[in-house]
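Written below as C-alpha coordinates is the structure these notes are about.
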Amino acid sequence: MLLVLAVLFGELSLLAIGGASSTLPAMERAIVVNHHWMSAAEFARLFGLAQAAPGPNVLAVTLFGWRIAGLPGAAVATTTFLLPSCCLAYAVGGTWARIGDTRARRVVAAGLLPVTAGLMLAAGVLLVRDAATDWRSASLAIGVAAGTLATKRHPLWFLAAAAGAGLLGFG
Amino acid sequence: MGFGGVLPMIRHVMVVERRWQTAAEFSDMIALCQFLPGANVANLAVIFGARRCGAAGSAAALAGLLGAPVAIVLVLVRLYERFGMLAPVRHMVAGLSAGAAGLILATAIRIALPLRGSLRGLAVAAAGFAAVGLLGLPFLPSVLALAPVSLALAATAPDQRRGQA
(Lines give C-alpha, C1' and ligand atoms only; values in the text may rest on other atoms or scores of the structure.)
Protein backbone atom coordinates (compact mmCIF):
# COMPACT_ATOMS: atom_id res chain seq x y z
CA MET A 1 0.00 0.00 0.00
CA LEU A 2 2.68 2.49 1.03
CA LEU A 3 4.74 1.48 -1.98
CA VAL A 4 1.76 2.08 -4.28
CA LEU A 5 1.31 5.51 -2.68
CA ALA A 6 5.00 6.33 -3.06
CA VAL A 7 5.00 5.37 -6.74
CA LEU A 8 1.76 7.25 -7.43
CA PHE A 9 2.75 10.51 -5.76
CA GLY A 10 6.40 10.29 -6.78
CA GLU A 11 5.34 10.04 -10.40
CA LEU A 12 2.82 12.87 -10.06
CA SER A 13 5.50 15.02 -8.44
CA LEU A 14 7.42 15.13 -11.71
CA LEU A 15 4.25 15.47 -13.79
CA ALA A 16 2.73 18.39 -11.94
CA ILE A 17 3.54 21.04 -14.54
CA GLY A 18 1.16 23.62 -13.18
CA GLY A 19 1.82 22.78 -9.55
CA ALA A 20 0.11 20.40 -7.18
CA SER A 21 -3.43 21.40 -8.12
CA SER A 22 -3.02 20.60 -11.81
CA THR A 23 -2.48 16.94 -10.94
CA LEU A 24 -5.79 16.78 -9.03
CA PRO A 25 -7.51 15.15 -12.03
CA ALA A 26 -4.81 12.46 -12.05
CA MET A 27 -5.03 12.02 -8.27
CA GLU A 28 -8.78 11.76 -8.40
CA ARG A 29 -8.61 9.18 -11.16
CA ALA A 30 -6.07 7.04 -9.28
CA ILE A 31 -7.59 7.41 -5.81
CA VAL A 32 -11.32 7.38 -6.61
CA VAL A 33 -11.71 5.57 -9.92
CA ASN A 34 -8.84 3.09 -10.11
CA HIS A 35 -8.19 2.15 -6.48
CA HIS A 36 -11.60 2.98 -4.94
CA TRP A 37 -9.83 4.30 -1.85
CA MET A 38 -12.56 6.92 -1.29
CA SER A 39 -15.60 8.46 -2.95
CA ALA A 40 -15.45 11.55 -5.16
CA ALA A 41 -17.32 13.53 -2.49
CA GLU A 42 -14.84 12.42 0.19
CA PHE A 43 -12.02 13.47 -2.14
CA ALA A 44 -13.56 16.94 -2.47
CA ARG A 45 -14.17 17.17 1.30
CA LEU A 46 -10.56 16.30 2.14
CA PHE A 47 -9.44 18.87 -0.40
CA GLY A 48 -11.72 21.43 1.24
CA LEU A 49 -10.32 20.64 4.69
CA ALA A 50 -6.78 21.03 3.37
CA GLN A 51 -7.74 24.41 1.91
CA ALA A 52 -9.29 25.50 5.19
CA ALA A 53 -6.14 24.69 7.15
CA PRO A 54 -3.34 27.24 7.09
CA GLY A 55 -0.77 26.16 4.56
CA PRO A 56 -0.27 25.32 0.91
CA ASN A 57 -2.88 23.22 -0.85
CA VAL A 58 -0.29 20.48 -1.32
CA LEU A 59 -1.59 19.59 2.16
CA ALA A 60 -4.42 17.88 0.31
CA VAL A 61 -1.84 15.23 -0.64
CA THR A 62 -1.08 14.78 3.07
CA LEU A 63 -4.77 14.22 3.79
CA PHE A 64 -5.26 11.82 0.89
CA GLY A 65 -2.28 9.79 2.18
CA TRP A 66 -3.63 9.93 5.71
CA ARG A 67 -7.08 8.78 4.67
CA ILE A 68 -5.65 5.91 2.61
CA ALA A 69 -2.98 4.58 4.98
CA GLY A 70 -2.98 6.58 8.23
CA LEU A 71 0.02 8.52 9.51
CA PRO A 72 2.58 6.52 7.49
CA GLY A 73 0.44 7.16 4.41
CA ALA A 74 0.42 10.91 5.11
CA ALA A 75 4.20 10.94 5.53
CA VAL A 76 4.88 8.83 2.44
CA ALA A 77 2.46 10.75 0.19
CA THR A 78 3.75 14.19 1.26
CA THR A 79 7.43 13.26 1.05
CA THR A 80 7.27 11.44 -2.26
CA PHE A 81 5.17 14.21 -3.77
CA LEU A 82 7.57 16.97 -2.70
CA LEU A 83 11.07 15.55 -2.75
CA PRO A 84 11.67 14.96 -6.48
CA SER A 85 10.26 18.31 -7.57
CA CYS A 86 11.95 20.31 -4.81
CA CYS A 87 15.36 18.86 -5.67
CA LEU A 88 14.77 19.81 -9.28
CA ALA A 89 13.58 23.30 -8.31
CA TYR A 90 16.72 23.83 -6.24
CA ALA A 91 18.92 22.70 -9.10
CA VAL A 92 17.17 24.80 -11.74
CA GLY A 93 16.25 27.91 -9.72
CA GLY A 94 19.69 29.51 -9.93
CA THR A 95 20.09 28.78 -13.62
CA TRP A 96 16.77 30.41 -14.43
CA ALA A 97 17.85 33.61 -12.68
CA ARG A 98 21.22 33.61 -14.49
CA ILE A 99 19.67 33.10 -17.92
CA GLY A 100 17.83 36.38 -17.56
CA ASP A 101 15.05 37.48 -19.85
CA THR A 102 16.16 35.59 -22.94
CA ARG A 103 14.03 34.43 -25.84
CA ALA A 104 14.47 30.75 -24.87
CA ARG A 105 13.11 31.47 -21.42
CA ARG A 106 10.13 33.38 -22.77
CA VAL A 107 9.38 30.54 -25.15
CA VAL A 108 9.41 27.98 -22.33
CA ALA A 109 7.22 30.17 -20.15
CA ALA A 110 4.85 31.07 -22.98
CA GLY A 111 4.68 27.43 -24.07
CA LEU A 112 3.91 25.98 -20.67
CA LEU A 113 1.44 28.61 -19.44
CA PRO A 114 -1.41 27.38 -21.68
CA VAL A 115 -0.79 23.77 -20.60
CA THR A 116 -0.97 24.84 -16.97
CA ALA A 117 -4.09 26.88 -17.64
CA GLY A 118 -5.83 23.92 -19.28
CA LEU A 119 -4.89 21.47 -16.52
CA MET A 120 -5.89 23.91 -13.78
CA LEU A 121 -9.23 24.58 -15.44
CA ALA A 122 -9.77 20.83 -15.60
CA ALA A 123 -8.90 20.54 -11.90
CA GLY A 124 -11.23 23.41 -11.01
CA VAL A 125 -14.19 22.07 -12.97
CA LEU A 126 -13.61 18.56 -11.68
CA LEU A 127 -13.46 19.69 -8.06
CA VAL A 128 -16.61 21.78 -8.46
CA ARG A 129 -18.31 18.71 -9.93
CA ASP A 130 -17.14 16.52 -7.02
CA ALA A 131 -18.04 19.06 -4.35
CA ALA A 132 -21.37 20.15 -5.83
CA THR A 133 -23.97 17.73 -4.61
CA ASP A 134 -26.90 19.94 -5.65
CA TRP A 135 -27.64 23.34 -7.18
CA ARG A 136 -26.94 25.11 -3.90
CA SER A 137 -23.39 23.86 -3.44
CA ALA A 138 -22.79 24.33 -7.17
CA SER A 139 -23.86 27.97 -7.00
CA LEU A 140 -21.80 28.37 -3.82
CA ALA A 141 -18.68 27.17 -5.67
CA ILE A 142 -19.38 29.39 -8.70
CA GLY A 143 -20.12 32.33 -6.40
CA VAL A 144 -16.80 31.91 -4.57
CA ALA A 145 -14.96 31.72 -7.89
CA ALA A 146 -16.67 34.87 -9.20
CA GLY A 147 -16.20 36.73 -5.91
CA THR A 148 -12.49 35.86 -5.77
CA LEU A 149 -11.99 37.10 -9.31
CA ALA A 150 -14.02 40.26 -8.91
CA THR A 151 -12.59 41.52 -5.61
CA LYS A 152 -9.23 41.73 -3.85
CA ARG A 153 -10.66 40.18 -0.73
CA HIS A 154 -8.59 37.53 1.03
CA PRO A 155 -9.37 33.98 -0.15
CA LEU A 156 -9.90 32.90 3.46
CA TRP A 157 -12.82 35.28 3.66
CA PHE A 158 -14.56 33.39 0.87
CA LEU A 159 -13.75 30.00 2.42
CA ALA A 160 -15.19 31.13 5.74
CA ALA A 161 -18.25 32.49 3.97
CA ALA A 162 -18.69 29.20 2.11
CA ALA A 163 -18.35 27.18 5.33
CA GLY A 164 -20.84 29.52 7.01
CA ALA A 165 -23.28 29.17 4.13
CA GLY A 166 -22.91 25.38 4.37
CA LEU A 167 -23.59 25.51 8.10
CA LEU A 168 -26.81 27.40 7.39
CA GLY A 169 -27.85 24.63 5.07
CA PHE A 170 -26.84 26.33 1.85
CA GLY A 171 -24.39 23.73 0.64
CA MET B 1 0.15 31.16 7.59
CA GLY B 2 -1.24 30.57 4.15
CA PHE B 3 -4.91 30.05 4.78
CA GLY B 4 -7.02 28.89 1.90
CA GLY B 5 -4.34 27.58 -0.40
CA VAL B 6 -1.14 29.47 -0.69
CA LEU B 7 -0.98 30.46 -4.35
CA PRO B 8 -3.67 33.17 -4.38
CA MET B 9 -2.53 34.28 -0.96
CA ILE B 10 1.22 34.36 -1.59
CA ARG B 11 0.47 36.52 -4.58
CA HIS B 12 -1.66 38.79 -2.44
CA VAL B 13 0.96 39.13 0.31
CA MET B 14 4.05 39.37 -1.86
CA VAL B 15 2.65 41.65 -4.55
CA VAL B 16 -0.26 43.61 -3.12
CA GLU B 17 0.55 43.90 0.60
CA ARG B 18 4.31 43.70 1.12
CA ARG B 19 5.47 44.53 -2.38
CA TRP B 20 8.46 42.18 -2.11
CA GLN B 21 8.01 41.66 -5.80
CA THR B 22 6.22 43.39 -8.63
CA ALA B 23 3.38 41.60 -10.33
CA ALA B 24 5.71 40.94 -13.28
CA GLU B 25 8.46 39.45 -11.08
CA PHE B 26 5.94 37.28 -9.32
CA SER B 27 4.49 36.10 -12.61
CA ASP B 28 8.03 35.33 -13.73
CA MET B 29 8.72 33.23 -10.64
CA ILE B 30 5.35 31.52 -10.94
CA ALA B 31 6.13 30.83 -14.59
CA LEU B 32 9.33 29.09 -13.49
CA CYS B 33 7.50 27.14 -10.80
CA GLN B 34 4.92 26.10 -13.34
CA PHE B 35 7.58 25.13 -15.80
CA LEU B 36 9.08 22.98 -13.07
CA PRO B 37 7.05 19.96 -12.09
CA GLY B 38 5.75 19.66 -8.55
CA ALA B 39 3.88 21.67 -5.98
CA ASN B 40 4.59 25.18 -7.15
CA VAL B 41 4.35 26.78 -3.73
CA ALA B 42 6.99 24.35 -2.47
CA ASN B 43 9.10 25.18 -5.52
CA LEU B 44 8.50 28.85 -4.86
CA ALA B 45 9.74 28.40 -1.28
CA VAL B 46 12.79 26.44 -2.41
CA ILE B 47 13.73 28.99 -5.08
CA PHE B 48 12.90 32.14 -3.11
CA GLY B 49 14.77 30.66 -0.11
CA ALA B 50 17.76 29.74 -2.27
CA ARG B 51 17.94 33.25 -3.75
CA ARG B 52 18.06 34.80 -0.30
CA CYS B 53 20.38 32.36 1.54
CA GLY B 54 21.20 29.26 -0.44
CA ALA B 55 20.35 25.69 0.49
CA ALA B 56 19.70 26.64 4.12
CA GLY B 57 17.25 29.26 2.93
CA SER B 58 15.46 26.65 0.82
CA ALA B 59 15.24 24.19 3.69
CA ALA B 60 14.07 26.90 6.07
CA ALA B 61 11.44 28.21 3.66
CA LEU B 62 10.15 24.70 2.98
CA ALA B 63 10.07 23.78 6.67
CA GLY B 64 8.34 27.06 7.45
CA LEU B 65 5.85 26.47 4.69
CA LEU B 66 4.99 22.92 5.70
CA GLY B 67 5.90 22.15 9.31
CA ALA B 68 3.07 23.68 11.29
CA PRO B 69 0.46 23.34 8.52
CA VAL B 70 0.99 19.58 8.26
CA ALA B 71 0.53 19.18 12.02
CA ILE B 72 -2.55 21.42 12.02
CA VAL B 73 -4.21 19.76 9.05
CA LEU B 74 -3.73 16.32 10.63
CA VAL B 75 -5.39 17.51 13.84
CA LEU B 76 -8.18 19.03 11.75
CA VAL B 77 -8.84 15.84 9.81
CA ARG B 78 -8.91 13.82 13.04
CA LEU B 79 -11.53 16.19 14.42
CA TYR B 80 -13.45 15.86 11.19
CA GLU B 81 -13.38 12.06 11.35
CA ARG B 82 -14.50 12.21 14.96
CA PHE B 83 -17.31 14.74 14.55
CA GLY B 84 -17.99 14.42 10.84
CA MET B 85 -21.19 12.49 11.41
CA LEU B 86 -22.78 15.49 13.13
CA ALA B 87 -25.08 17.36 10.76
CA PRO B 88 -23.67 20.89 11.36
CA VAL B 89 -20.09 19.69 10.83
CA ARG B 90 -21.10 17.79 7.73
CA HIS B 91 -22.86 20.82 6.28
CA MET B 92 -19.98 23.11 7.10
CA VAL B 93 -17.45 20.80 5.44
CA ALA B 94 -19.72 20.49 2.40
CA GLY B 95 -19.83 24.28 2.09
CA LEU B 96 -16.09 24.38 2.62
CA SER B 97 -15.37 21.90 -0.14
CA ALA B 98 -17.61 23.84 -2.53
CA GLY B 99 -15.79 27.04 -1.61
CA ALA B 100 -12.36 25.42 -2.00
CA ALA B 101 -13.36 24.11 -5.42
CA GLY B 102 -14.46 27.63 -6.36
CA LEU B 103 -11.08 29.03 -5.27
CA ILE B 104 -9.23 26.58 -7.50
CA LEU B 105 -11.51 27.50 -10.38
CA ALA B 106 -10.78 31.19 -9.78
CA THR B 107 -7.03 30.53 -9.67
CA ALA B 108 -7.31 28.61 -12.94
CA ILE B 109 -9.19 31.46 -14.61
CA ARG B 110 -6.63 33.94 -13.32
CA ILE B 111 -3.84 31.86 -14.83
CA ALA B 112 -5.74 31.56 -18.10
CA LEU B 113 -6.62 35.27 -18.40
CA PRO B 114 -3.28 36.40 -19.91
CA LEU B 115 -3.97 33.94 -22.74
CA ARG B 116 -6.87 35.96 -24.11
CA GLY B 117 -5.90 37.34 -27.45
CA SER B 118 -3.54 34.44 -28.11
CA LEU B 119 -5.18 31.88 -30.34
CA ARG B 120 -2.29 29.48 -29.81
CA GLY B 121 -2.53 29.70 -26.03
CA LEU B 122 -6.28 29.36 -25.97
CA ALA B 123 -6.17 26.35 -28.28
CA VAL B 124 -3.59 24.54 -26.13
CA ALA B 125 -5.44 25.37 -22.92
CA ALA B 126 -8.70 24.14 -24.44
CA ALA B 127 -7.02 20.93 -25.61
CA GLY B 128 -5.54 20.29 -22.17
CA PHE B 129 -8.84 21.03 -20.48
CA ALA B 130 -10.76 18.78 -22.87
CA ALA B 131 -8.28 15.90 -22.66
CA VAL B 132 -7.94 15.78 -18.88
CA GLY B 133 -11.14 17.41 -17.70
CA LEU B 134 -13.81 16.35 -20.18
CA LEU B 135 -12.56 13.19 -21.87
CA GLY B 136 -10.74 11.79 -18.84
CA LEU B 137 -7.73 10.80 -20.93
CA PRO B 138 -4.76 9.45 -18.95
CA PHE B 139 -2.80 12.27 -17.38
CA LEU B 140 0.80 11.28 -18.17
CA PRO B 141 0.40 10.80 -21.94
CA SER B 142 -1.81 13.90 -22.20
CA VAL B 143 0.76 16.13 -20.55
CA LEU B 144 3.67 14.55 -22.41
CA ALA B 145 1.85 15.04 -25.72
CA LEU B 146 0.57 18.55 -25.11
CA ALA B 147 3.67 20.19 -23.58
CA PRO B 148 6.02 19.66 -26.57
CA VAL B 149 3.33 20.79 -29.02
CA SER B 150 2.74 23.93 -26.97
CA LEU B 151 6.48 24.61 -26.70
CA ALA B 152 6.90 24.16 -30.47
CA LEU B 153 4.00 26.53 -31.13
CA ALA B 154 5.49 29.08 -28.74
CA ALA B 155 8.88 28.76 -30.42
CA THR B 156 7.44 29.48 -33.86
CA ALA B 157 5.22 32.33 -32.65
CA PRO B 158 6.54 35.88 -32.97
CA ASP B 159 8.57 36.78 -29.90
CA GLN B 160 6.55 38.96 -27.58
CA ARG B 161 7.79 40.10 -24.22
CA ARG B 162 4.39 40.49 -22.70
CA GLY B 163 3.43 36.97 -23.78
CA GLN B 164 4.86 35.20 -20.77
CA ALA B 165 2.97 37.04 -18.06
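Here's how to read the names in the C-alpha coordinates: chain A, B, ... by the order shown, residue numbers from 1 in each chain, ligand numbers from 1 in the order shown.
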Residues near segment 59-69 of chain A, cut-off 7 Å, only C-alpha atoms, skip fewer than 2 positions along chain, as a list in words: Trp37, Leu46, Phe47, Ala50, Pro56, Asn57, Leu71, Pro72, Gly73, Ala74, Ala75, Ala77 and Thr78 of chain A; Val70 of chain B
Contacts of segment 104-118 of chain B at 9 Å (only C-alpha atoms; same-chain gap of 3+ positions) as a PyMOL selection string: (chain A and resi 21+113-114+116-125+127-128+141-142+144-149) or (chain B and resi 5+7-8+99-101+121-123+125+163-165)
Could you build a table of the residues in chain B lying no more than 6 Å from chain A, giving for each the nearest pair of atoms and their separation in Å rounded to one decimal place, using only C-alpha atoms, ordered by chain and ascending residue number, as a tab-separated table?
```
residue	atom	partner	partner_atom	distance
B:Met1	CA	A:Pro54	CA	5.3
B:Gly2	CA	A:Gly55	CA	4.4
B:Phe3	CA	A:Pro54	CA	4.0
B:Gly4	CA	A:Gln51	CA	4.5
B:Gly5	CA	A:Asn57	CA	4.6
B:Val6	CA	A:Pro56	CA	4.5
B:Ala31	CA	A:Ala109	CA	5.7
B:Gln34	CA	A:Gly18	CA	4.5
B:Phe35	CA	A:Ile17	CA	5.9
B:Pro37	CA	A:Ile17	CA	4.4
B:Gly38	CA	A:Ser13	CA	4.6
B:Ala39	CA	A:Ala20	CA	4.2
B:Asn40	CA	A:Gly19	CA	4.4
B:Asn43	CA	A:Ala89	CA	5.6
B:Ile47	CA	A:Gly93	CA	5.4
B:Pro69	CA	A:Gly55	CA	5.0
B:Val73	CA	A:Ala53	CA	5.6
B:Pro88	CA	A:Leu167	CA	5.7
B:His91	CA	A:Gly166	CA	4.9
B:Met92	CA	A:Leu167	CA	4.4
B:Ala94	CA	A:Gly171	CA	6.0
B:Gly95	CA	A:Gly166	CA	4.0
B:Leu96	CA	A:Ala163	CA	4.5
B:Ser97	CA	A:Gly48	CA	3.9
B:Ala98	CA	A:Ala141	CA	4.7
B:Gly99	CA	A:Ala141	CA	5.0
B:Ala100	CA	A:Gly48	CA	5.2
B:Ala101	CA	A:Val128	CA	5.0
B:Gly102	CA	A:Ala141	CA	4.3
B:Leu103	CA	A:Ala145	CA	5.4
B:Ile104	CA	A:Gly124	CA	5.1
B:Leu105	CA	A:Gly124	CA	4.1
B:Ala106	CA	A:Ala145	CA	4.6
B:Ala108	CA	A:Met120	CA	5.0
B:Ile111	CA	A:Ala117	CA	5.7
B:Ala112	CA	A:Ala117	CA	5.0
B:Gly121	CA	A:Pro114	CA	5.1
B:Val124	CA	A:Pro114	CA	5.7
B:Ala125	CA	A:Gly118	CA	3.9
B:Ala126	CA	A:Gly118	CA	5.9
B:Gly128	CA	A:Gly118	CA	4.6
B:Phe129	CA	A:Gly118	CA	4.3
B:Gly133	CA	A:Ala122	CA	4.2
B:Phe139	CA	A:Ala26	CA	5.7
B:Ser150	CA	A:Gly111	CA	4.9
B:Leu151	CA	A:Gly111	CA	4.3
B:Ala154	CA	A:Gly111	CA	5.0
B:Ala155	CA	A:Val107	CA	5.6
B:Gln164	CA	A:Ala110	CA	4.7
```
Ala50 of chain B surroundings by only C-alpha atoms, 9 Å radius, close-in-sequence under 4 positions cut, as a list of chain:residue names: A:Tyr90, A:Gly93, A:Gly94, B:Ala45, B:Val46, B:Gly54, B:Ala55, B:Ala56, B:Gly57, B:Ser58, B:Ala59, B:Ala61
Residue list (alpha helix (DSSP H), DSSP) for segment 16-162 of chain B, as a ChimeraX atom specification: /B:23-35,40-83,87-112,119-128,139-156
Atom CA of Gly136 of chain B to atom CA of Val7 of chain A, straight-line distance in Å: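 Pair atom CA of Val7 of chain A / atom CA of Gly136 of chain B returns 20.9 Å.
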Atom pair atom CA of Ala24 of chain B / atom CA of Val149 of chain B: separation (Å):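 Atom CA of Val149 of chain B lies 25.7 Å from atom CA of Ala24 of chain B.
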Gap from atom CA of Thr22 of chain B to atom CA of Leu62 of chain B - Å, one decimal: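 Computing the Euclidean distance for atom CA of Thr22 of chain B and atom CA of Leu62 of chain B yields 22.3 Å.
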